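Enquirer: Next comes final22.tsv, TSV, C-alpha atoms and all ligand atoms:
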chain	number	residue	atom	x	y	z
A	1	MET	CA	-119.26	99.59	-22.50
A	2	LYS	CA	-117.19	100.68	-19.54
A	3	LEU	CA	-113.68	102.02	-19.30
A	4	GLY	CA	-111.29	100.41	-16.85
A	5	LEU	CA	-107.62	100.36	-15.90
A	6	GLY	CA	-105.58	97.33	-14.86
A	7	LEU	CA	-103.22	97.91	-11.94
A	8	TYR	CA	-100.44	95.67	-10.67
A	9	ARG	CA	-100.56	94.82	-7.00
A	10	HIS	CA	-98.02	97.39	-5.84
A	11	MET	CA	-100.01	100.05	-7.72
A	12	LEU	CA	-103.32	99.38	-5.94
A	13	LYS	CA	-103.49	102.69	-4.09
A	14	ALA	CA	-105.42	105.92	-4.00
A	15	ASP	CA	-103.08	107.90	-6.28
A	16	ASN	CA	-103.53	105.42	-9.10
A	17	TYR	CA	-107.30	105.19	-8.54
A	18	ARG	CA	-107.46	108.96	-8.89
A	19	PHE	CA	-105.33	108.79	-12.02
A	20	ALA	CA	-107.85	106.29	-13.45
A	21	ARG	CA	-110.79	108.47	-12.57
A	22	GLN	CA	-109.12	111.52	-14.04
A	23	ALA	CA	-108.71	109.60	-17.30
A	24	GLY	CA	-112.43	108.80	-17.32
A	25	CYS	CA	-112.37	105.25	-15.98
A	26	THR	CA	-115.19	103.81	-13.93
A	27	HIS	CA	-113.58	100.42	-13.19
A	28	ILE	CA	-110.36	98.85	-11.92
A	29	VAL	CA	-108.97	95.41	-12.72
A	30	ALA	CA	-106.63	94.41	-9.89
A	31	HIS	CA	-103.64	92.08	-10.17
A	32	TRP	CA	-103.55	90.38	-6.79
A	33	THR	CA	-100.31	88.45	-7.22
A	34	ASP	CA	-97.21	90.54	-6.68
A	35	TYR	CA	-95.25	90.15	-9.91
A	36	PHE	CA	-92.68	92.67	-11.03
A	37	ALA	CA	-92.97	94.28	-7.62
A	38	GLN	CA	-91.17	97.50	-8.43
A	39	ASP	CA	-92.01	100.27	-10.84
A	40	PRO	CA	-94.84	99.86	-13.32
A	41	THR	CA	-93.28	97.82	-16.05
A	42	LEU	CA	-93.74	96.14	-19.38
A	43	PRO	CA	-94.09	92.36	-19.15
A	44	SER	CA	-90.83	91.36	-20.77
A	45	THR	CA	-88.70	88.34	-19.94
A	46	ASP	CA	-85.56	86.72	-21.10
A	47	ALA	CA	-83.60	83.58	-20.43
A	48	GLY	CA	-82.18	84.89	-17.17
A	49	ARG	CA	-85.06	86.82	-15.64
A	50	ASN	CA	-88.60	86.03	-14.53
A	51	TRP	CA	-91.40	87.94	-12.84
A	52	GLY	CA	-90.25	87.23	-9.31
A	53	VAL	CA	-91.02	84.84	-6.48
A	54	THR	CA	-94.26	83.87	-4.79
A	55	PHE	CA	-94.52	81.69	-1.69
A	56	ASN	CA	-98.19	81.74	-0.67
A	57	GLN	CA	-98.74	78.00	-0.66
A	58	GLY	CA	-101.82	77.08	1.30
A	59	ILE	CA	-102.71	80.67	2.18
A	60	PRO	CA	-105.93	81.62	0.37
A	61	TRP	CA	-106.93	85.11	-0.64
A	62	SER	CA	-108.43	86.75	2.41
A	63	ARG	CA	-112.01	87.89	2.14
A	64	ASP	CA	-111.26	90.86	4.37
A	65	ASP	CA	-108.30	91.91	2.22
A	66	LEU	CA	-110.47	91.74	-0.88
A	67	ILE	CA	-113.20	93.76	0.83
A	68	ALA	CA	-110.60	96.37	1.81
A	69	LEU	CA	-109.40	96.44	-1.80
A	70	ARG	CA	-112.92	96.94	-3.11
A	71	GLN	CA	-113.72	99.60	-0.55
A	72	GLY	CA	-110.49	101.49	-1.28
A	73	ILE	CA	-111.44	101.55	-4.95
A	74	GLU	CA	-115.01	102.57	-4.20
A	75	ALA	CA	-113.80	105.34	-1.90
A	76	GLU	CA	-112.28	106.95	-4.99
A	77	GLY	CA	-115.50	106.67	-6.95
A	78	LEU	CA	-114.62	103.55	-8.94
A	79	GLN	CA	-115.73	99.94	-9.04
A	80	LEU	CA	-113.70	96.74	-8.82
A	81	ALA	CA	-114.32	94.89	-12.10
A	82	ALA	CA	-112.09	91.86	-11.66
A	83	ILE	CA	-109.09	90.23	-10.04
A	84	GLU	CA	-106.61	89.24	-12.73
A	85	ASN	CA	-104.66	85.97	-12.44
A	86	PHE	CA	-104.28	83.26	-9.85
A	87	ASP	CA	-101.10	83.07	-7.80
A	88	PRO	CA	-98.70	80.47	-9.27
A	89	SER	CA	-97.90	79.23	-5.74
A	90	HIS	CA	-101.62	78.50	-5.26
A	91	TRP	CA	-102.13	76.22	-8.22
A	92	TYR	CA	-98.89	74.95	-9.79
A	93	ASP	CA	-99.88	71.34	-9.23
A	94	ILE	CA	-103.24	71.94	-10.93
A	95	LEU	CA	-101.30	73.01	-14.02
A	96	LEU	CA	-98.68	70.27	-13.59
A	97	ASP	CA	-101.03	67.57	-12.26
A	98	GLY	CA	-98.75	67.13	-9.27
A	99	PRO	CA	-99.17	65.71	-5.76
A	100	GLU	CA	-100.62	68.90	-4.25
A	101	ARG	CA	-103.40	69.06	-6.84
A	102	ALA	CA	-106.35	68.17	-4.59
A	103	ARG	CA	-105.28	70.60	-1.86
A	104	GLN	CA	-104.74	73.33	-4.45
A	105	ILE	CA	-108.18	72.76	-5.99
A	106	ALA	CA	-109.64	73.27	-2.51
A	107	LEU	CA	-107.58	76.43	-2.12
A	108	ILE	CA	-108.73	77.84	-5.47
A	109	LYS	CA	-112.33	77.11	-4.48
A	110	THR	CA	-111.73	79.06	-1.26
A	111	ASN	CA	-110.32	81.95	-3.28
A	112	ILE	CA	-113.40	81.97	-5.50
A	113	ARG	CA	-115.78	81.85	-2.53
A	114	ASN	CA	-113.88	84.63	-0.75
A	115	ALA	CA	-113.84	86.72	-3.91
A	116	GLY	CA	-117.59	86.28	-4.31
A	117	ALA	CA	-118.23	87.14	-0.68
A	118	ALA	CA	-116.10	90.27	-1.09
A	119	GLY	CA	-118.04	91.43	-4.13
A	120	VAL	CA	-115.47	90.56	-6.82
A	121	PRO	CA	-117.54	89.79	-9.93
A	122	VAL	CA	-114.83	88.29	-12.17
A	123	ILE	CA	-111.53	86.42	-11.84
A	124	GLY	CA	-109.35	86.46	-14.94
A	125	TYR	CA	-106.82	83.64	-15.24
A	126	ASN	CA	-104.33	82.14	-17.63
A	127	PHE	CA	-104.19	78.34	-17.66
A	128	SER	CA	-100.60	78.23	-18.78
A	129	ILE	CA	-97.33	76.67	-17.69
A	130	ALA	CA	-94.89	78.88	-19.60
A	131	GLY	CA	-97.12	81.95	-19.18
A	132	VAL	CA	-96.31	85.26	-20.80
A	133	TRP	CA	-92.73	84.67	-21.82
A	134	GLY	CA	-90.12	85.62	-24.40
A	135	HIS	CA	-90.93	89.26	-25.05
A	136	VAL	CA	-88.11	91.74	-25.46
A	137	ARG	CA	-88.19	95.46	-24.87
A	138	GLY	CA	-87.18	97.97	-27.46
A	139	PRO	CA	-88.07	101.21	-29.27
A	140	PHE	CA	-90.60	99.43	-31.49
A	141	ALA	CA	-93.63	101.74	-31.24
A	142	ARG	CA	-94.20	105.10	-32.91
A	143	GLY	CA	-91.58	107.73	-32.18
A	144	ASP	CA	-89.27	105.02	-30.80
A	145	ALA	CA	-91.56	104.51	-27.81
A	146	GLU	CA	-90.39	101.65	-25.62
A	147	THR	CA	-92.60	98.61	-25.88
A	148	VAL	CA	-92.39	94.83	-26.11
A	149	ALA	CA	-92.01	92.53	-29.08
A	150	PHE	CA	-92.07	88.80	-29.53
A	151	LEU	CA	-89.43	87.81	-32.05
A	152	GLY	CA	-89.72	84.03	-32.28
A	153	PRO	CA	-86.39	82.46	-33.21
A	154	LYS	CA	-84.75	85.90	-33.17
A	155	GLY	CA	-85.78	86.38	-29.53
A	156	PRO	CA	-84.55	84.70	-26.32
A	157	ALA	CA	-83.70	81.01	-26.65
A	158	GLU	CA	-86.58	78.76	-25.53
A	159	LYS	CA	-84.88	76.92	-22.70
A	160	PRO	CA	-86.97	74.41	-20.72
A	161	ILE	CA	-88.63	75.63	-17.53
A	162	PRO	CA	-86.69	74.63	-14.41
A	163	ASN	CA	-88.50	72.76	-11.63
A	164	GLY	CA	-89.96	75.11	-9.04
A	165	GLU	CA	-91.01	77.66	-11.60
A	166	ILE	CA	-94.26	78.15	-13.45
A	167	TRP	CA	-95.88	80.99	-15.32
A	168	ASN	CA	-92.67	83.00	-15.03
A	169	MET	CA	-92.54	82.89	-11.25
A	170	THR	CA	-90.51	80.89	-8.78
A	171	TYR	CA	-92.75	79.09	-6.30
A	172	ALA	CA	-90.28	76.71	-4.60
A	173	ARG	CA	-87.21	77.77	-2.65
A	174	GLU	CA	-85.54	74.40	-3.12
A	175	ALA	CA	-86.81	72.43	-6.07
A	176	PRO	CA	-85.15	69.21	-7.20
A	177	GLN	CA	-82.85	69.55	-10.19
A	178	GLY	CA	-84.52	69.16	-13.53
A	179	VAL	CA	-86.96	70.77	-15.91
A	180	ILE	CA	-90.58	70.46	-17.04
A	181	GLU	CA	-90.40	67.87	-19.80
A	182	PRO	CA	-92.42	68.32	-23.00
A	183	PHE	CA	-95.89	66.75	-23.08
A	184	PRO	CA	-98.85	66.78	-25.49
A	185	ALA	CA	-101.43	69.58	-25.63
A	186	GLU	CA	-104.24	67.06	-25.10
A	187	VAL	CA	-102.88	66.39	-21.63
A	188	LEU	CA	-103.09	70.09	-20.76
A	189	TRP	CA	-106.61	70.27	-22.22
A	190	ASP	CA	-107.56	67.41	-19.96
A	191	ARG	CA	-106.15	69.27	-16.95
A	192	LEU	CA	-108.16	72.35	-17.89
A	193	ALA	CA	-111.33	70.27	-18.29
A	194	ARG	CA	-110.87	68.65	-14.87
A	195	PHE	CA	-110.22	72.05	-13.34
A	196	LEU	CA	-113.31	73.64	-14.88
A	197	ARG	CA	-115.61	70.76	-13.93
A	198	GLU	CA	-114.50	71.10	-10.32
A	199	VAL	CA	-114.44	74.87	-9.90
A	200	VAL	CA	-117.15	76.29	-12.20
A	201	PRO	CA	-119.98	75.02	-9.95
A	202	VAL	CA	-118.32	76.83	-7.04
A	203	ALA	CA	-117.98	79.97	-9.15
A	204	GLU	CA	-121.69	79.76	-9.97
A	205	GLU	CA	-122.58	79.54	-6.29
A	206	ALA	CA	-120.25	82.44	-5.49
A	207	ASN	CA	-121.52	84.48	-8.45
A	208	VAL	CA	-118.00	84.96	-9.85
A	209	ARG	CA	-117.24	84.65	-13.55
A	210	LEU	CA	-114.00	82.82	-14.30
A	211	ALA	CA	-112.48	84.30	-17.44
A	212	LEU	CA	-109.69	82.60	-19.37
A	213	HIS	CA	-106.99	84.70	-21.04
A	214	PRO	CA	-105.71	83.31	-24.37
A	215	ASP	CA	-102.07	82.30	-24.77
A	216	ASP	CA	-99.66	85.21	-24.84
A	217	PRO	CA	-97.67	84.67	-27.03
A	218	PRO	CA	-100.05	82.37	-28.96
A	219	MET	CA	-97.35	79.94	-30.04
A	220	PRO	CA	-98.12	76.23	-30.58
A	221	THR	CA	-95.66	75.41	-27.79
A	222	LEU	CA	-93.41	77.53	-25.59
A	223	ARG	CA	-90.30	76.34	-23.75
A	224	GLY	CA	-91.38	72.81	-24.62
A	225	THR	CA	-94.77	73.12	-22.95
A	226	PRO	CA	-98.12	73.04	-24.77
A	227	ARG	CA	-100.45	76.01	-25.13
A	228	LEU	CA	-104.25	75.96	-25.07
A	229	VAL	CA	-106.02	78.86	-26.75
A	230	ASN	CA	-103.50	79.79	-29.44
A	231	GLN	CA	-106.14	80.10	-32.20
A	232	PRO	CA	-109.45	81.95	-31.85
A	233	HIS	CA	-111.68	78.92	-32.53
A	234	LEU	CA	-110.19	77.09	-29.52
A	235	TYR	CA	-112.21	79.27	-27.18
A	236	ARG	CA	-115.24	77.28	-28.40
A	237	ARG	CA	-113.65	74.19	-26.94
A	238	VAL	CA	-113.09	75.93	-23.59
A	239	LEU	CA	-116.69	77.13	-23.39
A	240	ASP	CA	-118.07	73.74	-24.36
A	241	ILE	CA	-116.26	71.94	-21.53
A	242	VAL	CA	-118.69	73.43	-18.99
A	243	PRO	CA	-121.34	75.66	-20.55
A	244	SER	CA	-121.94	78.31	-17.92
A	245	ARG	CA	-121.95	82.07	-17.56
A	246	CYS	CA	-119.16	81.46	-15.04
A	247	ASN	CA	-116.96	79.75	-17.63
A	248	ALA	CA	-116.09	82.85	-19.62
A	249	ILE	CA	-113.41	84.64	-21.61
A	250	GLU	CA	-110.91	87.36	-20.74
A	251	LEU	CA	-110.69	88.46	-24.34
A	252	CYS	CA	-107.25	89.84	-25.13
A	253	MET	CA	-107.51	91.56	-28.51
A	254	GLY	CA	-103.76	91.75	-28.88
A	255	SER	CA	-103.28	88.04	-28.33
A	256	ILE	CA	-106.15	87.16	-30.70
A	257	GLN	CA	-104.70	89.41	-33.42
A	258	GLU	CA	-101.28	87.78	-32.96
A	259	MET	CA	-102.77	84.36	-33.84
A	260	THR	CA	-102.16	82.95	-37.30
A	261	GLU	CA	-105.76	81.91	-37.98
A	262	GLY	CA	-109.13	83.60	-37.70
A	263	ASP	CA	-110.12	87.21	-37.61
A	264	ILE	CA	-110.37	89.57	-34.66
A	265	TYR	CA	-113.73	91.08	-35.71
A	266	GLN	CA	-115.36	87.67	-36.23
A	267	THR	CA	-113.93	86.51	-32.92
A	268	LEU	CA	-115.39	89.48	-31.06
A	269	GLU	CA	-118.70	88.92	-32.80
A	270	GLU	CA	-118.90	85.19	-32.12
A	271	TYR	CA	-118.01	85.28	-28.44
A	272	GLY	CA	-119.76	88.59	-27.82
A	273	ARG	CA	-122.98	87.12	-29.22
A	274	ARG	CA	-122.59	84.14	-26.89
A	275	ASP	CA	-122.26	86.57	-23.96
A	276	ALA	CA	-119.03	84.77	-23.13
A	277	ILE	CA	-116.78	87.84	-22.79
A	278	ALA	CA	-116.26	88.80	-19.15
A	279	TYR	CA	-113.93	91.68	-20.00
A	280	VAL	CA	-111.67	92.87	-22.79
A	281	HIS	CA	-107.97	93.62	-23.03
A	282	PHE	CA	-108.16	96.45	-25.55
A	283	ARG	CA	-104.74	96.65	-27.18
A	284	ASN	CA	-103.21	96.73	-30.62
A	285	VAL	CA	-100.30	94.96	-32.24
A	286	ARG	CA	-98.31	94.86	-35.47
A	287	GLY	CA	-97.59	91.41	-36.89
A	288	LYS	CA	-98.44	87.88	-35.85
A	289	VAL	CA	-96.54	85.02	-34.27
A	290	PRO	CA	-93.73	84.27	-34.58
A	291	GLU	CA	-92.95	87.99	-34.81
A	292	TYR	CA	-95.05	90.84	-33.52
A	293	TYR	CA	-94.78	94.21	-31.81
A	294	GLU	CA	-97.13	95.67	-29.20
A	295	VAL	CA	-97.88	99.21	-30.36
A	296	PHE	CA	-100.10	102.23	-29.67
A	297	LEU	CA	-103.84	101.75	-30.18
A	298	ASP	CA	-103.87	103.74	-33.40
A	299	GLU	CA	-100.84	102.25	-35.15
A	300	GLY	CA	-101.41	98.50	-35.12
A	301	ASP	CA	-103.05	96.03	-37.48
A	302	ILE	CA	-106.45	96.14	-35.73
A	303	ASP	CA	-108.96	98.80	-36.75
A	304	MET	CA	-109.89	99.57	-33.15
A	305	MET	CA	-113.00	101.55	-34.15
A	306	ARG	CA	-114.30	98.62	-36.16
A	307	ALA	CA	-113.57	96.28	-33.25
A	308	LEU	CA	-115.46	98.54	-30.88
A	309	ARG	CA	-118.38	98.82	-33.30
A	310	THR	CA	-118.51	95.03	-33.49
A	311	LEU	CA	-118.63	94.74	-29.70
A	312	HIS	CA	-121.34	97.38	-29.58
A	313	GLN	CA	-123.42	95.63	-32.23
A	314	VAL	CA	-123.43	92.32	-30.35
A	315	GLY	CA	-124.49	94.07	-27.18
A	316	TYR	CA	-121.27	93.75	-25.20
A	317	ASP	CA	-121.63	96.03	-22.20
A	318	GLY	CA	-118.65	95.03	-20.07
A	319	VAL	CA	-115.31	96.58	-19.19
A	320	LEU	CA	-112.42	97.39	-21.54
A	321	ILE	CA	-108.92	97.91	-20.14
A	322	PRO	CA	-105.80	98.90	-22.10
A	323	ASP	CA	-103.83	95.77	-20.97
A	324	HIS	CA	-100.29	96.91	-21.86
A	325	THR	CA	-99.34	99.93	-23.90
A	326	PRO	CA	-96.04	101.46	-25.03
A	327	HIS	CA	-94.25	103.71	-22.57
A	328	MET	CA	-93.98	107.38	-23.42
A	329	GLN	CA	-90.88	109.54	-23.10
A	330	CYS	CA	-91.36	111.53	-19.92
A	331	GLY	CA	-91.08	111.32	-16.15
A	332	ALA	CA	-94.01	108.88	-15.88
A	333	PRO	CA	-93.70	106.58	-18.90
A	334	TRP	CA	-96.27	103.97	-17.83
A	335	HIS	CA	-98.88	106.47	-16.74
A	336	ALA	CA	-98.47	108.64	-19.84
A	337	GLY	CA	-98.93	105.60	-22.08
A	338	MET	CA	-102.06	104.60	-20.22
A	339	ALA	CA	-103.45	108.14	-20.25
A	340	TYR	CA	-102.97	108.21	-24.01
A	341	ALA	CA	-104.75	104.86	-24.45
A	342	LEU	CA	-107.60	105.78	-22.10
A	343	GLY	CA	-108.20	109.11	-23.82
A	344	TYR	CA	-108.37	107.35	-27.16
A	345	MET	CA	-110.75	104.74	-25.76
A	346	ARG	CA	-113.00	107.29	-24.13
A	347	ALA	CA	-113.39	109.26	-27.34
A	348	ALA	CA	-113.92	106.06	-29.35
A	349	LEU	CA	-116.63	104.89	-26.95
A	350	ARG	CA	-118.44	108.19	-27.34
A	351	VAL	CA	-118.35	107.96	-31.11
A	352	ILE	CA	-119.64	104.36	-31.05
A	353	ALA	CA	-122.44	105.26	-28.66
A	354	GLY	CA	-123.39	108.19	-30.93
A	355	ARG	CA	-122.89	110.75	-28.20
A	401	MN	MN	-103.87	90.43	-22.47
Output the file's structure as structure tokens, nothing else.
Expert:
Amino acid sequence: MKLGLGLYRHMLKADNYRFARQAGCTHIVAHWTDYFAQDPTLPSTDAGRNWGVTFNQGIPWSRDDLIALRQGIEAEGLQLAAIENFDPSHWYDILLDGPERARQIALIKTNIRNAGAAGVPVIGYNFSIAGVWGHVRGPFARGDAETVAFLGPKGPAEKPIPNGEIWNMTYAREAPQGVIEPFPAEVLWDRLARFLREVVPVAEEANVRLALHPDDPPMPTLRGTPRLVNQPHLYRRVLDIVPSRCNAIELCMGSIQEMTEGDIYQTLEEYGRRDAIAYVHFRNVRGKVPEYYEVFLDEGDIDMMRALRTLHQVGYDGVLIPDHTPHMQCGAPWHAGMAYALGYMRAALRVIAGR
């Protein structure tokens, strides 16, 4: 298995690549959409705040930009493992089944082709309307470390999503008044199935694995909108829509552990055995929906060594990244938290490999 670090778009620069290498990483997962474009941050939201704006309608990812990204990473002795997440302004009408759907499918296909041509092996994505929403920040990890929690009814009120917003980002400058009305999960499953049937063949040609992140938080609904993979067994349904190496999983251990059914070790075993895991978000958590806390690797409900052993036993040889981790009290809270997680992971990988 390989050690990687996920970096937000504004962090994709040489200093952070060197930081990753110094912590023993060999791979980078790059967020290509510019959310929380400021300091490194924890993905929290509340009723009055989202992840920012994105107005890239009709402008595909540039192959040259992706090549420059990959080369910048390689220049520091690392490899680009994946791009994480599509841009909400590229595909909102795929998620909403709106009038721009056909044009946006063509755009996503262009993104996939350009990614493949630029040597990007994986694109992680989250087929979600409400996205990662409702987490609050607080001193919930060991030693009062700042982290995020999902508190269900005790958290932010689940107001409907206003028009012009999806996946926590504003994509329209002037959207008509109104909100996204509730609709059944089967309708969203149908949208995912249509999407996969259209784009997976392109991904196969481009040699890019598409990898679906589970719902975070894995609630049955969020802000009135349905969720898809909010229980571990639902990944079977995703994989069965289009059986292909390019229809794969971005396996978030935290999100799986937060689910009310199933078992993280069995989940890793099942999908690892199927060779369906494109990469892993290696993080720990205390509790399950509707109330959980993202914590340090060695203080949550998952036995991370057992999880790693399970992945090893089924022959998983891909990348692990810390996903999010609590901030540590110092001048560089994000980096210190990541350094702590990466050091833990590096030692754990050595133990598992028997070295
Ligand atoms: Mn995740």
Enquirer: Could you work out how far CA of Tyr171 (chain A) lies from CA of Met11 (chain A), giving the answer in Å with one decimal?
Expert: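 So the two atoms, CA of Met11 (chain A) and CA of Tyr171 (chain A), lie 22.2 Å apart.
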Enquirer: Please write out the residues within 9 Å of ligand MN 401 (chain A) as a ChimeraX atom specification, counting all atoms listed in the file.
Expert: /A:213-216,250-255,280-283,322-324
Enquirer: List as a list in words: which residues have an atom within 7 Å of (-90.8, 85.6, -8.1), counting all atoms listed in the file?
Expert: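 Checked against the point, the hits come out as Tyr35, Asn50, Trp51, Gly52, Val53, Thr54, Met169 and Thr170 of chain A.
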Enquirer: Using CA of Gly124 (chain A) and CA of Ser62 (chain A) as the two end points, give the distance in Å to one decimal.
Expert: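 Taking CA of Gly124 (chain A) as the start and CA of Ser62 (chain A) as the end point, the length is 17.4 Å.
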Enquirer: Skip region 12-29 of chain A itself and residues of its chain fewer than 5 positions away, then list as JSON, numbers by chain all residues within 6 Å of it, counting only C-alpha atoms.
Expert: {"A": [3, 4, 5, 6, 78, 79, 80, 81, 82, 83]}
Enquirer: Which residue out of A:Asn163, A:Thr225, A:Asn85, A:Asn207 has the minimum interatomic distance to Val187 (chain A) when only C-alpha atoms are used?
Expert: A:Thr225
Enquirer: Which distance in Å separates CA of Pro217 (chain A) and CA of Val295 (chain A), to one decimal?
Expert: 14.9 Å
Enquirer: Would you give me, as CSV, each residue of region 148-247 of chain A having an atom within 8 Å of an atom of region 102-112 of chain A, along with its shortest atom pair and that distance in Å to one decimal, using only C-alpha atoms and sorting by chain and residue number?
Expert:
residue,atom,partner,partner_atom,distance
A:Phe195,CA,A:Ile105,CA,7.7
A:Glu198,CA,A:Ile105,CA,7.8
A:Val199,CA,A:Lys109,CA,6.2
A:Val202,CA,A:Lys109,CA,6.5
A:Ala203,CA,A:Ile112,CA,6.2
A:Ala206,CA,A:Ile112,CA,6.9
A:Val208,CA,A:Ile112,CA,7.0
Enquirer: I'd like the contact shell of Gly178 (chain A) - 10 Å cut-off, only C-alpha atoms, skipping same-chain residues fewer than 5 positions apart - returned as a PyMOL selection string.
Expert: chain A and resi 160-164
Enquirer: Between A:Leu228, A:Ile264, A:Ala248, A:Met219, which residue has the minimum interatomic distance to Ile123 (chain A), considering all atoms listed in the file?
Expert: A:Ala248
Enquirer: I'd like to know which of A:Ala149, A:Met305, A:Ala172, A:Val132 is closest to Asn56 (chain A), using all atoms listed in the file.
Expert: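 Closest candidate: A:Ala172.
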Enquirer: For the point (-96.3, 90.1, -41.7) in the file's frame, write as a ChimeraX atom specification all residues with an atom no more than 12 Å away, counting all atoms listed in the file.
Expert: /A:257-260,285-293,300-301
Enquirer: Glu269 (chain A): which residues within 8 Å, counting all atoms listed in the file, same-chain residues fewer than 3 positions away excluded, as a list in words?
Expert: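 Counting only the stated atoms, we get Tyr265, Gln266, Gly272, Arg273, Thr310, Leu311 and Val314 of chain A.
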Enquirer: Between A:Gln231, A:Asn168, A:Thr267, A:Thr147, which has the minimum distance to Gln329 (chain A) (counting only C-alpha atoms)?
Expert: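 Counting only C-alpha atoms, the residue closest to Gln329 (chain A) is A:Thr147.
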Enquirer: When you count all atoms listed in the file, which of these residues is closest to Phe140 (chain A): A:Gly343, A:Phe296, A:Trp334, A:Pro176?
Expert: A:Phe296
